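Source file: run.txt. Holds: compact mmCIF, C-alpha atoms.
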```
# COMPACT_ATOMS: atom_id res chain seq x y z
CA MET X 23 233.79 101.15 116.29
CA ALA X 24 232.43 97.59 115.91
CA SER X 25 234.01 95.00 118.16
CA GLN X 26 236.05 92.15 116.73
CA GLN X 27 233.37 89.69 117.81
CA SER X 28 230.60 91.63 116.07
CA LEU X 29 232.60 91.47 112.84
CA ALA X 30 233.15 87.71 113.13
CA ARG X 31 231.73 85.51 110.42
CA ASP X 32 228.74 83.37 111.30
CA PHE X 33 230.05 80.31 109.44
CA VAL X 34 233.46 79.26 108.18
CA SER X 35 234.43 75.88 106.74
CA LEU X 36 237.89 74.40 107.01
CA GLY X 37 237.09 72.14 104.07
CA MET X 38 238.94 72.56 100.80
CA PHE X 39 238.29 74.19 97.46
CA ILE X 40 238.95 71.83 94.55
CA ILE X 41 238.60 72.06 90.79
CA ASP X 42 236.77 68.90 89.75
CA GLU X 43 237.60 67.27 86.42
CA PHE X 44 235.68 64.38 84.88
CA SER X 45 236.22 61.19 82.89
CA PHE X 46 233.41 58.96 81.61
CA ALA X 47 233.73 55.33 80.47
CA ASP X 48 231.44 52.34 80.09
CA GLU X 49 231.64 49.24 82.29
CA ASP X 50 234.49 47.89 80.12
CA GLY X 51 236.53 51.06 80.46
CA ASN X 52 235.88 52.40 76.97
CA PRO X 53 235.35 56.18 76.73
CA THR X 54 231.67 57.06 76.26
CA GLY X 55 232.37 60.33 74.47
CA ARG X 56 230.67 62.33 77.19
CA THR X 57 232.58 65.40 78.36
CA LEU X 58 232.05 67.82 81.20
CA ALA X 59 233.96 71.05 81.76
CA PRO X 60 235.94 71.43 84.99
CA GLN X 61 233.70 72.51 87.85
CA ILE X 62 233.96 74.22 91.19
CA GLY X 63 234.20 71.56 93.87
CA GLY X 64 235.44 70.71 97.33
CA GLY X 65 233.67 70.05 100.60
CA GLY X 66 234.55 73.46 101.98
CA THR X 67 233.16 75.20 98.92
CA TYR X 68 229.88 73.33 99.07
CA ALA X 69 229.52 73.87 102.82
CA ALA X 70 230.08 77.60 102.37
CA MET X 71 227.50 77.65 99.59
CA GLY X 72 224.97 75.89 101.81
CA ALA X 73 225.38 78.70 104.32
CA ARG X 74 225.47 81.39 101.60
CA ILE X 75 221.96 80.41 100.47
CA TRP X 76 220.79 81.97 103.77
CA LEU X 77 223.47 84.45 104.75
CA SER X 78 225.17 87.41 103.09
CA PRO X 79 228.70 86.93 101.72
CA SER X 80 230.12 88.92 104.64
CA LYS X 81 228.78 86.31 107.10
CA VAL X 82 230.27 83.23 105.40
CA GLY X 83 233.80 82.20 104.61
CA VAL X 84 236.19 79.63 103.19
CA ILE X 85 239.84 79.80 102.14
CA ILE X 86 240.66 79.20 98.47
CA ASP X 87 244.28 78.47 97.58
CA ARG X 88 244.75 79.83 94.07
CA GLY X 89 247.53 78.27 92.06
CA ASN X 90 249.25 79.58 88.94
CA ASP X 91 246.59 78.04 86.70
CA PHE X 92 243.39 79.38 88.25
CA PRO X 93 240.77 79.55 85.45
CA PRO X 94 239.18 82.98 84.84
CA ASP X 95 235.74 81.42 84.30
CA ILE X 96 235.86 79.78 87.72
CA GLN X 97 237.03 83.06 89.27
CA ASN X 98 234.07 84.85 87.69
CA ALA X 99 231.65 82.16 88.85
CA LEU X 100 232.92 82.42 92.43
CA ASP X 101 232.74 86.22 92.43
CA ALA X 102 229.10 86.06 91.32
CA PHE X 103 228.18 84.54 94.69
CA GLY X 104 229.81 87.43 96.52
CA ALA X 105 233.56 88.01 96.49
CA ASP X 106 233.68 88.72 100.22
CA MET X 107 232.89 85.13 101.17
CA TRP X 108 236.15 83.84 99.67
CA LEU X 109 239.58 84.34 101.19
CA PHE X 110 242.04 83.86 98.34
CA ARG X 111 245.63 82.87 99.01
CA ASP X 112 247.89 82.98 95.96
CA ASP X 113 250.81 80.64 95.40
CA PRO X 114 252.42 81.08 91.97
CA ALA X 115 254.72 78.14 92.67
CA ARG X 116 251.96 75.51 92.61
CA GLU X 117 248.88 74.43 90.72
CA THR X 118 245.39 74.80 92.12
CA THR X 119 244.18 71.64 93.87
CA LYS X 120 242.43 69.39 91.34
CA ALA X 121 240.71 66.03 91.47
CA ILE X 122 239.54 63.64 88.78
CA ASN X 123 236.09 62.11 89.07
CA THR X 124 236.03 58.91 87.04
CA TYR X 125 232.79 57.23 86.06
CA ARG X 126 233.00 53.64 84.84
CA GLY X 127 229.46 52.53 84.23
CA GLU X 128 227.70 53.21 87.52
CA VAL X 129 230.91 53.12 89.57
CA ARG X 130 232.43 56.44 90.57
CA GLY X 131 236.07 56.95 91.50
CA PHE X 132 237.80 59.98 92.95
CA ASP X 133 241.50 60.81 93.03
CA TYR X 134 243.49 63.95 93.66
CA ARG X 135 245.64 65.05 90.73
CA THR X 136 247.64 67.57 92.71
CA PRO X 137 248.83 67.79 96.33
CA ARG X 138 246.22 68.93 98.85
CA VAL X 139 246.59 71.99 101.04
CA ARG X 140 244.82 71.13 104.28
CA LEU X 141 243.40 73.95 106.40
CA THR X 142 243.41 74.36 110.17
CA PRO X 143 242.13 77.04 112.57
CA ARG X 144 245.59 78.63 112.56
CA ASP X 145 245.05 79.53 108.91
CA LEU X 146 242.22 81.82 110.03
CA VAL X 147 244.26 83.82 112.54
CA GLY X 148 244.75 87.45 111.52
CA THR X 149 242.41 87.17 108.52
CA LYS X 150 238.87 88.36 107.88
CA LEU X 151 237.72 84.81 108.71
CA ALA X 152 239.24 84.79 112.20
CA ARG X 153 237.23 83.48 115.18
CA PRO X 154 233.94 82.64 113.44
CA LYS X 155 230.87 81.69 115.45
CA ILE X 156 230.57 78.29 113.74
CA VAL X 157 233.40 76.12 112.39
CA HIS X 158 232.81 73.20 110.03
CA PHE X 159 235.46 70.57 109.32
CA ILE X 160 235.66 67.41 107.20
CA CYS X 161 238.44 65.04 108.20
CA SER X 162 239.51 61.95 110.11
CA PRO X 163 238.93 61.76 113.87
CA ALA X 164 242.67 62.29 114.47
CA ARG X 165 242.67 65.52 112.45
CA ALA X 166 239.45 66.57 114.17
CA ALA X 167 241.26 66.24 117.50
CA ALA X 168 244.09 68.44 116.20
CA ILE X 169 241.60 71.05 114.94
CA LEU X 170 239.78 71.13 118.27
CA SER X 171 243.11 71.51 120.05
CA GLU X 172 243.99 74.53 117.89
CA ILE X 173 240.59 76.09 118.60
CA LYS X 174 241.31 75.83 122.33
CA GLU X 175 244.58 77.70 121.78
CA GLU X 176 242.58 80.83 120.90
CA GLU X 177 241.71 82.38 124.24
CA GLY X 178 238.09 83.47 124.50
CA TRP X 179 236.98 81.74 121.30
CA HIS X 180 234.31 79.10 121.84
CA PRO X 181 232.70 78.38 118.45
CA ILE X 182 229.99 75.89 117.64
CA THR X 183 231.85 72.96 116.06
CA VAL X 184 230.23 70.95 113.25
CA TYR X 185 232.14 67.76 112.43
CA GLU X 186 231.62 65.83 109.21
CA PRO X 187 233.71 62.63 109.31
CA ILE X 188 235.52 61.96 106.05
CA PRO X 189 233.93 58.93 104.33
CA ASP X 190 237.01 56.71 104.00
CA ARG X 191 237.66 56.96 107.76
CA CYS X 192 234.13 55.89 108.71
CA ILE X 193 235.29 52.39 109.60
CA PRO X 194 235.14 50.50 112.92
CA GLU X 195 238.88 50.93 113.46
CA GLU X 196 238.36 54.71 113.73
CA LEU X 197 235.67 54.50 116.41
CA PRO X 198 238.08 54.74 119.41
CA ALA X 199 239.59 57.94 117.99
CA LEU X 200 236.12 59.32 117.30
CA LYS X 201 235.06 58.66 120.90
CA GLU X 202 237.94 60.87 122.04
CA VAL X 203 236.63 63.90 120.14
CA LEU X 204 232.89 63.48 120.73
CA PRO X 205 232.81 65.37 124.07
CA HIS X 206 234.30 68.43 122.37
CA LEU X 207 231.84 68.64 119.46
CA SER X 208 228.64 70.63 119.12
CA VAL X 209 227.33 68.58 116.18
CA LEU X 210 228.37 65.19 114.81
CA SER X 211 226.99 64.48 111.33
CA PRO X 212 228.01 61.47 109.27
CA ASN X 213 225.63 60.13 106.68
CA ALA X 214 223.67 56.97 107.45
CA GLU X 215 225.96 54.52 105.64
CA GLU X 216 229.04 56.06 107.26
CA ALA X 217 227.50 55.93 110.72
CA LEU X 218 226.44 52.30 110.32
CA SER X 219 229.94 51.40 109.15
CA LEU X 220 231.58 53.11 112.14
CA LEU X 221 229.39 51.12 114.52
CA SER X 222 229.68 47.78 112.66
CA MET X 223 225.93 47.70 112.07
CA PRO X 224 223.98 46.35 109.05
CA PRO X 225 224.84 48.50 106.03
CA THR X 226 221.35 49.21 104.67
CA PRO X 227 219.80 52.22 106.43
CA THR X 228 216.30 52.11 107.90
CA LYS X 229 214.75 54.67 110.22
CA GLU X 230 214.95 52.18 113.09
CA LEU X 231 218.65 51.54 112.50
CA VAL X 232 219.42 55.24 112.17
CA GLU X 233 217.66 56.01 115.45
CA GLU X 234 219.70 53.26 117.11
CA VAL X 235 222.87 54.84 115.68
CA CYS X 236 221.86 58.16 117.24
CA ARG X 237 221.25 56.54 120.63
CA ARG X 238 224.64 54.84 120.58
CA PHE X 239 226.52 58.02 119.71
CA LEU X 240 224.64 60.02 122.33
CA ASP X 241 225.43 57.36 124.92
CA MET X 242 229.12 57.88 124.14
CA GLY X 243 228.70 61.53 125.13
CA VAL X 244 228.49 64.17 122.40
CA GLY X 245 229.37 67.69 123.48
CA PRO X 246 230.29 69.04 126.90
CA ASP X 247 228.14 67.23 129.50
CA GLY X 248 226.29 65.54 126.64
CA THR X 249 224.83 68.78 125.29
CA GLY X 250 225.78 68.14 121.66
CA ALA X 251 223.62 66.87 118.80
CA VAL X 252 223.83 63.98 116.37
CA ILE X 253 222.38 64.54 112.90
CA ILE X 254 222.41 61.53 110.59
CA ARG X 255 221.96 62.52 106.95
CA SER X 256 219.94 59.67 105.46
CA GLY X 257 219.29 60.53 101.82
CA ALA X 258 215.71 59.91 100.73
CA LEU X 259 214.77 58.93 104.29
CA GLY X 260 215.50 62.48 105.42
CA ALA X 261 217.65 63.57 108.36
CA CYS X 262 217.43 62.26 111.92
CA VAL X 263 218.13 64.84 114.64
CA ALA X 264 218.99 63.50 118.08
CA GLN X 265 219.77 65.24 121.36
CA LYS X 266 220.09 63.88 124.87
CA GLY X 267 216.78 63.74 126.71
CA LYS X 268 214.66 64.28 123.58
CA PRO X 269 213.04 61.82 121.17
CA PRO X 270 214.69 61.70 117.73
CA ALA X 271 213.14 64.01 115.14
CA TRP X 272 212.95 63.20 111.43
CA ILE X 273 213.09 65.96 108.84
CA ASP X 274 211.91 64.88 105.38
CA ALA X 275 214.18 65.39 102.42
CA TYR X 276 212.76 68.37 100.52
CA TRP X 277 212.37 66.41 97.29
CA SER X 278 210.74 63.40 98.96
CA GLY X 279 207.34 62.28 97.79
CA PRO X 280 205.85 61.71 94.32
CA GLY X 281 207.86 63.27 91.52
CA GLY X 282 210.59 64.48 93.81
CA SER X 283 213.17 62.04 92.53
CA ASP X 284 212.93 63.66 89.10
CA LYS X 285 214.40 66.82 90.60
CA VAL X 286 217.50 65.02 91.87
CA VAL X 287 220.23 65.40 89.23
CA ASP X 288 223.52 65.12 91.15
CA VAL X 289 223.97 64.63 94.91
CA THR X 290 227.64 65.68 94.86
CA GLY X 291 228.18 68.16 97.68
CA ALA X 292 224.70 67.68 99.14
CA GLY X 293 225.99 66.60 102.55
CA ASN X 294 228.51 69.43 102.73
CA SER X 295 225.91 72.03 101.76
CA PHE X 296 223.45 70.51 104.24
CA LEU X 297 225.90 71.26 107.04
CA GLY X 298 226.52 74.78 105.76
CA GLY X 299 222.77 75.31 105.79
CA LEU X 300 222.70 73.86 109.29
CA GLY X 301 225.26 76.42 110.41
CA ALA X 302 223.20 79.25 108.95
CA GLY X 303 220.09 77.79 110.55
CA LEU X 304 221.71 77.65 113.98
CA VAL X 305 222.29 81.40 113.66
CA LEU X 306 218.87 82.25 112.25
CA ALA X 307 216.92 79.89 114.54
CA ASN X 308 218.78 80.97 117.70
CA GLY X 309 220.45 77.62 118.22
CA ASN X 310 217.39 75.40 117.76
CA VAL X 311 218.96 72.30 116.19
CA THR X 312 215.75 70.80 114.81
CA GLU X 313 214.71 74.09 113.22
CA ALA X 314 218.24 74.56 111.87
CA THR X 315 217.97 71.18 110.17
CA LEU X 316 215.10 72.56 108.09
CA TYR X 317 217.47 75.24 106.77
CA ALA X 318 220.02 72.51 106.11
CA THR X 319 217.50 70.47 104.15
CA VAL X 320 216.56 73.44 101.98
CA SER X 321 220.23 74.17 101.21
CA ALA X 322 220.78 70.56 100.07
CA SER X 323 217.62 70.72 97.93
CA PHE X 324 219.14 73.47 95.76
CA ILE X 325 222.51 71.72 95.43
CA ILE X 326 221.12 68.44 94.06
CA GLU X 327 219.05 70.02 91.28
CA GLN X 328 221.97 70.28 88.84
CA GLU X 329 225.57 69.34 88.24
CA GLY X 330 227.69 71.91 90.01
CA LEU X 331 226.50 74.88 92.04
CA PRO X 332 223.00 76.40 91.91
CA ARG X 333 222.18 79.56 90.00
CA LEU X 334 221.83 82.77 92.01
CA THR X 335 219.58 85.56 90.80
CA GLN X 336 218.22 88.70 92.37
CA ALA X 337 214.46 88.89 92.45
CA THR X 338 211.67 91.16 93.61
CA ALA X 339 211.23 89.93 97.14
CA THR X 340 208.09 88.09 98.12
CA TYR X 341 209.80 87.97 101.50
CA SER X 342 211.23 91.41 102.14
CA GLU X 343 214.11 90.12 104.24
CA HIS X 344 215.52 87.97 101.46
CA SER X 345 215.50 89.12 97.85
CA GLU X 346 217.76 86.45 96.37
CA GLN X 347 216.52 83.46 94.45
CA TRP X 348 218.36 80.22 93.83
CA ASN X 349 217.47 78.19 90.76
CA GLY X 350 214.54 80.57 90.37
CA ASP X 351 213.05 79.76 93.77
CA SER X 352 213.04 81.28 97.25
CA PRO X 353 214.81 79.46 100.10
CA LYS X 354 212.34 81.07 102.49
CA ARG X 355 209.40 79.63 100.54
CA ARG X 356 210.90 76.15 100.75
CA LEU X 357 211.59 76.60 104.45
CA ILE X 358 207.96 77.51 105.15
CA GLU X 359 206.83 74.49 103.14
CA LEU X 360 209.05 72.21 105.23
CA GLN X 361 207.83 73.81 108.46
CA VAL X 362 204.24 73.10 107.42
CA ARG X 363 205.14 69.50 106.56
CA LEU X 364 206.88 69.00 109.90
CA ALA X 365 203.97 70.49 111.84
CA ALA X 366 201.53 68.20 110.02
CA THR X 367 203.67 65.15 110.74
CA THR X 368 204.07 66.08 114.40
CA SER X 369 200.34 66.65 114.87
CA THR X 370 199.47 63.17 113.58
CA GLU X 371 201.95 61.32 115.81
```
Written as C-alpha cells, how would this file's structure read?
Amino acid sequence: MASQQSLARDFVSLGMFIIDEFSFADEDGNPTGRTLAPQIGGGGTYAAMGARIWLSPSKVGVIIDRGNDFPPDIQNALDAFGADMWLFRDDPARETTKAINTYRGEVRGFDYRTPRVRLTPRDLVGTKLARPKIVHFICSPARAAAILSEIKEEEGWHPITVYEPIPDRCIPEELPALKEVLPHLSVLSPNAEEALSLLSMPPTPTKELVEEVCRRFLDMGVGPDGTGAVIIRSGALGACVAQKGKPPAWIDAYWSGPGGSDKVVDVTGAGNSFLGGLGAGLVLANGNVTEATLYATVSASFIIEQEGLPRLTQATATYSEHSEQWNGDSPKRRLIELQVRLAATTSTE
C-alpha cells in the first residue's frame, strides 16, 4: 500500500477561489456598455492552475467553498481541468465568495461582494490535500506567521513554503512583521512594485533597483540559515532570482521582445500562476530555483494571453511525457525555448 507521504500532493495553495464580476465605466463614471460574464478567479485558483499546466490534477490542489448559488457553467469549466485538483466544501447557508472588478477609464478597483472564507493549513488536515510538499499562501505578514505556526503543529511535515505578500500590505509599516517570518520561508516573492514599497525605495522598477531589493531581503535572512530564495516578479523586465552566495539571475518574460506585447491581453492572475508554476518547477527540476523559475515564467505566459483561464486541449504529443496543450501550444516547447534563451544570455555575459 502506498504511504501517506507518497500520496501527498506536490502543490497546494491556501489562496481563495472567487467568482469575479465586472463593471465598466468611462473616466466620468458613465457605463460604457461593455459587459463580461462572471469568471473564475481568486489567487488560489490561479496558483493551482499555474501548477496544473505542468502537473496532473492528482498532484495539485486548492479548496473551493461552494455556496448555494454556484453556477453550473463554472462547475463544468473547473471540472474540465481535472476534478481531482479541486476540494469542494459545500455550505448551503452562504453564497459563493464573489468580487466586483470595476474599471473606470484606466483605473481598476476591486471589492469583495460577499464575506471571505480564509484558508489555513488546518483546513487541509484529514483531506486529500493534507501535508503537501509545497504550500503557497497569499496574505499579510501577520497571517503568514499564523500559517507557518500551524504548519509546525503538524509533526513530521516540513513543506517548501512559497509566500506571496498581499499587495495592500506591501507598505513600509509591514516590514517589521515581514522580517519575523522571513527565516521560516523557502521562497519570498512579491512583485517589483510591492518590494520597492516595502523597502521605501523609488517606485519605478529597474533591474539595478530590483537586484538591490533582493540583496536587502537576503541580508535580512530568508529561510533557515539563509537558505531561502527571493524571486522578484518584475513584469516586462522578467523575474530576478536571488539566493545567498550566488549572483542574481534574470529570467526573461516569455513574451518579451518584438511583438510579444501583442500577446498580452490580461495580466490578472499572472503572479499567482507564476508561483504555481514555480512550485511545479521545484518538483520537476529537483529543487533548482533558477530552473523552476523557467517553469513559472511559462505558466504566466499562458495566463496572460486571454481574459480568464487558458484553454486546455489534449494533443498528439510531440513530447511523449506531456500530451496536453494549453492555448494550442506545448508548455514543454516554451520551456525549451526559454532554456535556450537563458543559455545564450549566460554565454554572452
Which residues of stretch 214-311 of chain X come within 12 Å of stretch 348-353 of chain X, and what is each one's closest atom pair and distance in Å (one decimal), counting only C-alpha atoms, sorted by chain and residue number, as a Markdown table?
```
| residue | atom | partner | partner_atom | distance |
| --- | --- | --- | --- | --- |
| X:Tyr276 | CA | X:Pro353 | CA | 11.3 |
| X:Lys285 | CA | X:Asn349 | CA | 11.8 |
| X:Gly299 | CA | X:Pro353 | CA | 10.6 |
| X:Gly303 | CA | X:Pro353 | CA | 11.8 |
```
Do you have the atom CA of X:Leu109-atom CA of X:Ser171 distance handy?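 A separation of 23.1 Å between them.
Distance-wise, atom CA of X:Ser162 and atom CA of X:Ile182 end up 18.5 Å apart.
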Could you please determine the separation between atom CA of X:Ile62 and atom CA of X:Asp42 in Å, to one decimal place?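 Going from atom CA of X:Ile62 over to atom CA of X:Asp42 covers 6.2 Å.
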So that I can see what lies close to stretch 244-258 of chain X, please list as a VMD selection string the residues with an atom at most 9 Å from it, counting only C-alpha atoms and leaving out residues fewer than 5 positions away in the same chain. chain X and resid 201 203 to 215 217 227 to 229 232 to 233 235 to 237 239 263 to 266 274 to 278 283 293 296 311 315
Just checking: using all atoms listed in the file, which residue out of X:Val84, X:Cys161, X:Ala73, X:Ala271 ends up closest to X:Ala105? X:Val84
I'd like the contact shell of stretch 359-364 of chain X - 10 Å cut-off, all atoms listed in the file, skipping same-chain residues fewer than 2 positions apart - returned as a list in words.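 Listed by chain and then number, they are Ala271, Trp272, Ile273, Asp274, Ala275, Tyr276, Glu313, Leu316, Tyr317, Thr319, Val320, Pro353, Lys354, Arg355, Arg356, Leu357, Ala366, Thr367, Thr368 and Ser369 of chain X.
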Tell me, as number ranges by chain, which residues lie within 10 Å of X:Ala152, counting only C-alpha atoms; anything in the same chain fewer than 6 positions away does not count. X: 26-27, 29-31, 34, 83, 143-146, 179
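Taking only C-alpha atoms into account, the residues near (222.4, 78.8, 112.1), no farther than 10 Å, are Asp32, Phe33, Ala73, Trp76, Leu77, Lys155, Ile156, Ile182, Leu297, Gly298, Gly299, Leu300, Gly301, Ala302, Gly303, Leu304, Val305, Leu306, Ala307, Asn308, Gly309, Asn310, Val311, Glu313, Ala314, Thr315, Tyr317 and Ala318 of chain X.
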My list of candidates is X:Asp112, X:Asp106, X:Asp101, X:Glu216. Which is closest to X:Ile86 when distances are computed with only C-alpha atoms? X:Asp112
Which residue gives the smallest distance to X:Asp288 among X:Ala322, X:Ile358, X:Leu100, X:Ala164, with only C-alpha atoms counted?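 Ranking X:Ala322, X:Ile358, X:Leu100, X:Ala164 by distance to X:Asp288, first place goes to X:Ala322.
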Give as a ChimeraX atom specification every residue, naming chains and numbers as the document does, that has an atom within 12 Å of (236.0, 85.7, 94.3), counting all atoms listed in the file. /X:67,79,83-88,92-111
Based on the selection just made, write C-alpha atoms of those residues as a PDB file, in the coordinates of the input.
```pdb
ATOM      1  CA  THR X  67     233.160  75.200  98.920  1.00  0.00           C
ATOM      2  CA  PRO X  79     228.700  86.930 101.720  1.00  0.00           C
ATOM      3  CA  GLY X  83     233.800  82.200 104.610  1.00  0.00           C
ATOM      4  CA  VAL X  84     236.190  79.630 103.190  1.00  0.00           C
ATOM      5  CA  ILE X  85     239.840  79.800 102.140  1.00  0.00           C
ATOM      6  CA  ILE X  86     240.660  79.200  98.470  1.00  0.00           C
ATOM      7  CA  ASP X  87     244.280  78.470  97.580  1.00  0.00           C
ATOM      8  CA  ARG X  88     244.750  79.830  94.070  1.00  0.00           C
ATOM      9  CA  PHE X  92     243.390  79.380  88.250  1.00  0.00           C
ATOM     10  CA  PRO X  93     240.770  79.550  85.450  1.00  0.00           C
ATOM     11  CA  PRO X  94     239.180  82.980  84.840  1.00  0.00           C
ATOM     12  CA  ASP X  95     235.740  81.420  84.300  1.00  0.00           C
ATOM     13  CA  ILE X  96     235.860  79.780  87.720  1.00  0.00           C
ATOM     14  CA  GLN X  97     237.030  83.060  89.270  1.00  0.00           C
ATOM     15  CA  ASN X  98     234.070  84.850  87.690  1.00  0.00           C
ATOM     16  CA  ALA X  99     231.650  82.160  88.850  1.00  0.00           C
ATOM     17  CA  LEU X 100     232.920  82.420  92.430  1.00  0.00           C
ATOM     18  CA  ASP X 101     232.740  86.220  92.430  1.00  0.00           C
ATOM     19  CA  ALA X 102     229.100  86.060  91.320  1.00  0.00           C
ATOM     20  CA  PHE X 103     228.180  84.540  94.690  1.00  0.00           C
ATOM     21  CA  GLY X 104     229.810  87.430  96.520  1.00  0.00           C
ATOM     22  CA  ALA X 105     233.560  88.010  96.490  1.00  0.00           C
ATOM     23  CA  ASP X 106     233.680  88.720 100.220  1.00  0.00           C
ATOM     24  CA  MET X 107     232.890  85.130 101.170  1.00  0.00           C
ATOM     25  CA  TRP X 108     236.150  83.840  99.670  1.00  0.00           C
ATOM     26  CA  LEU X 109     239.580  84.340 101.190  1.00  0.00           C
ATOM     27  CA  PHE X 110     242.040  83.860  98.340  1.00  0.00           C
ATOM     28  CA  ARG X 111     245.630  82.870  99.010  1.00  0.00           C
TER      29      ARG X 111
END
```
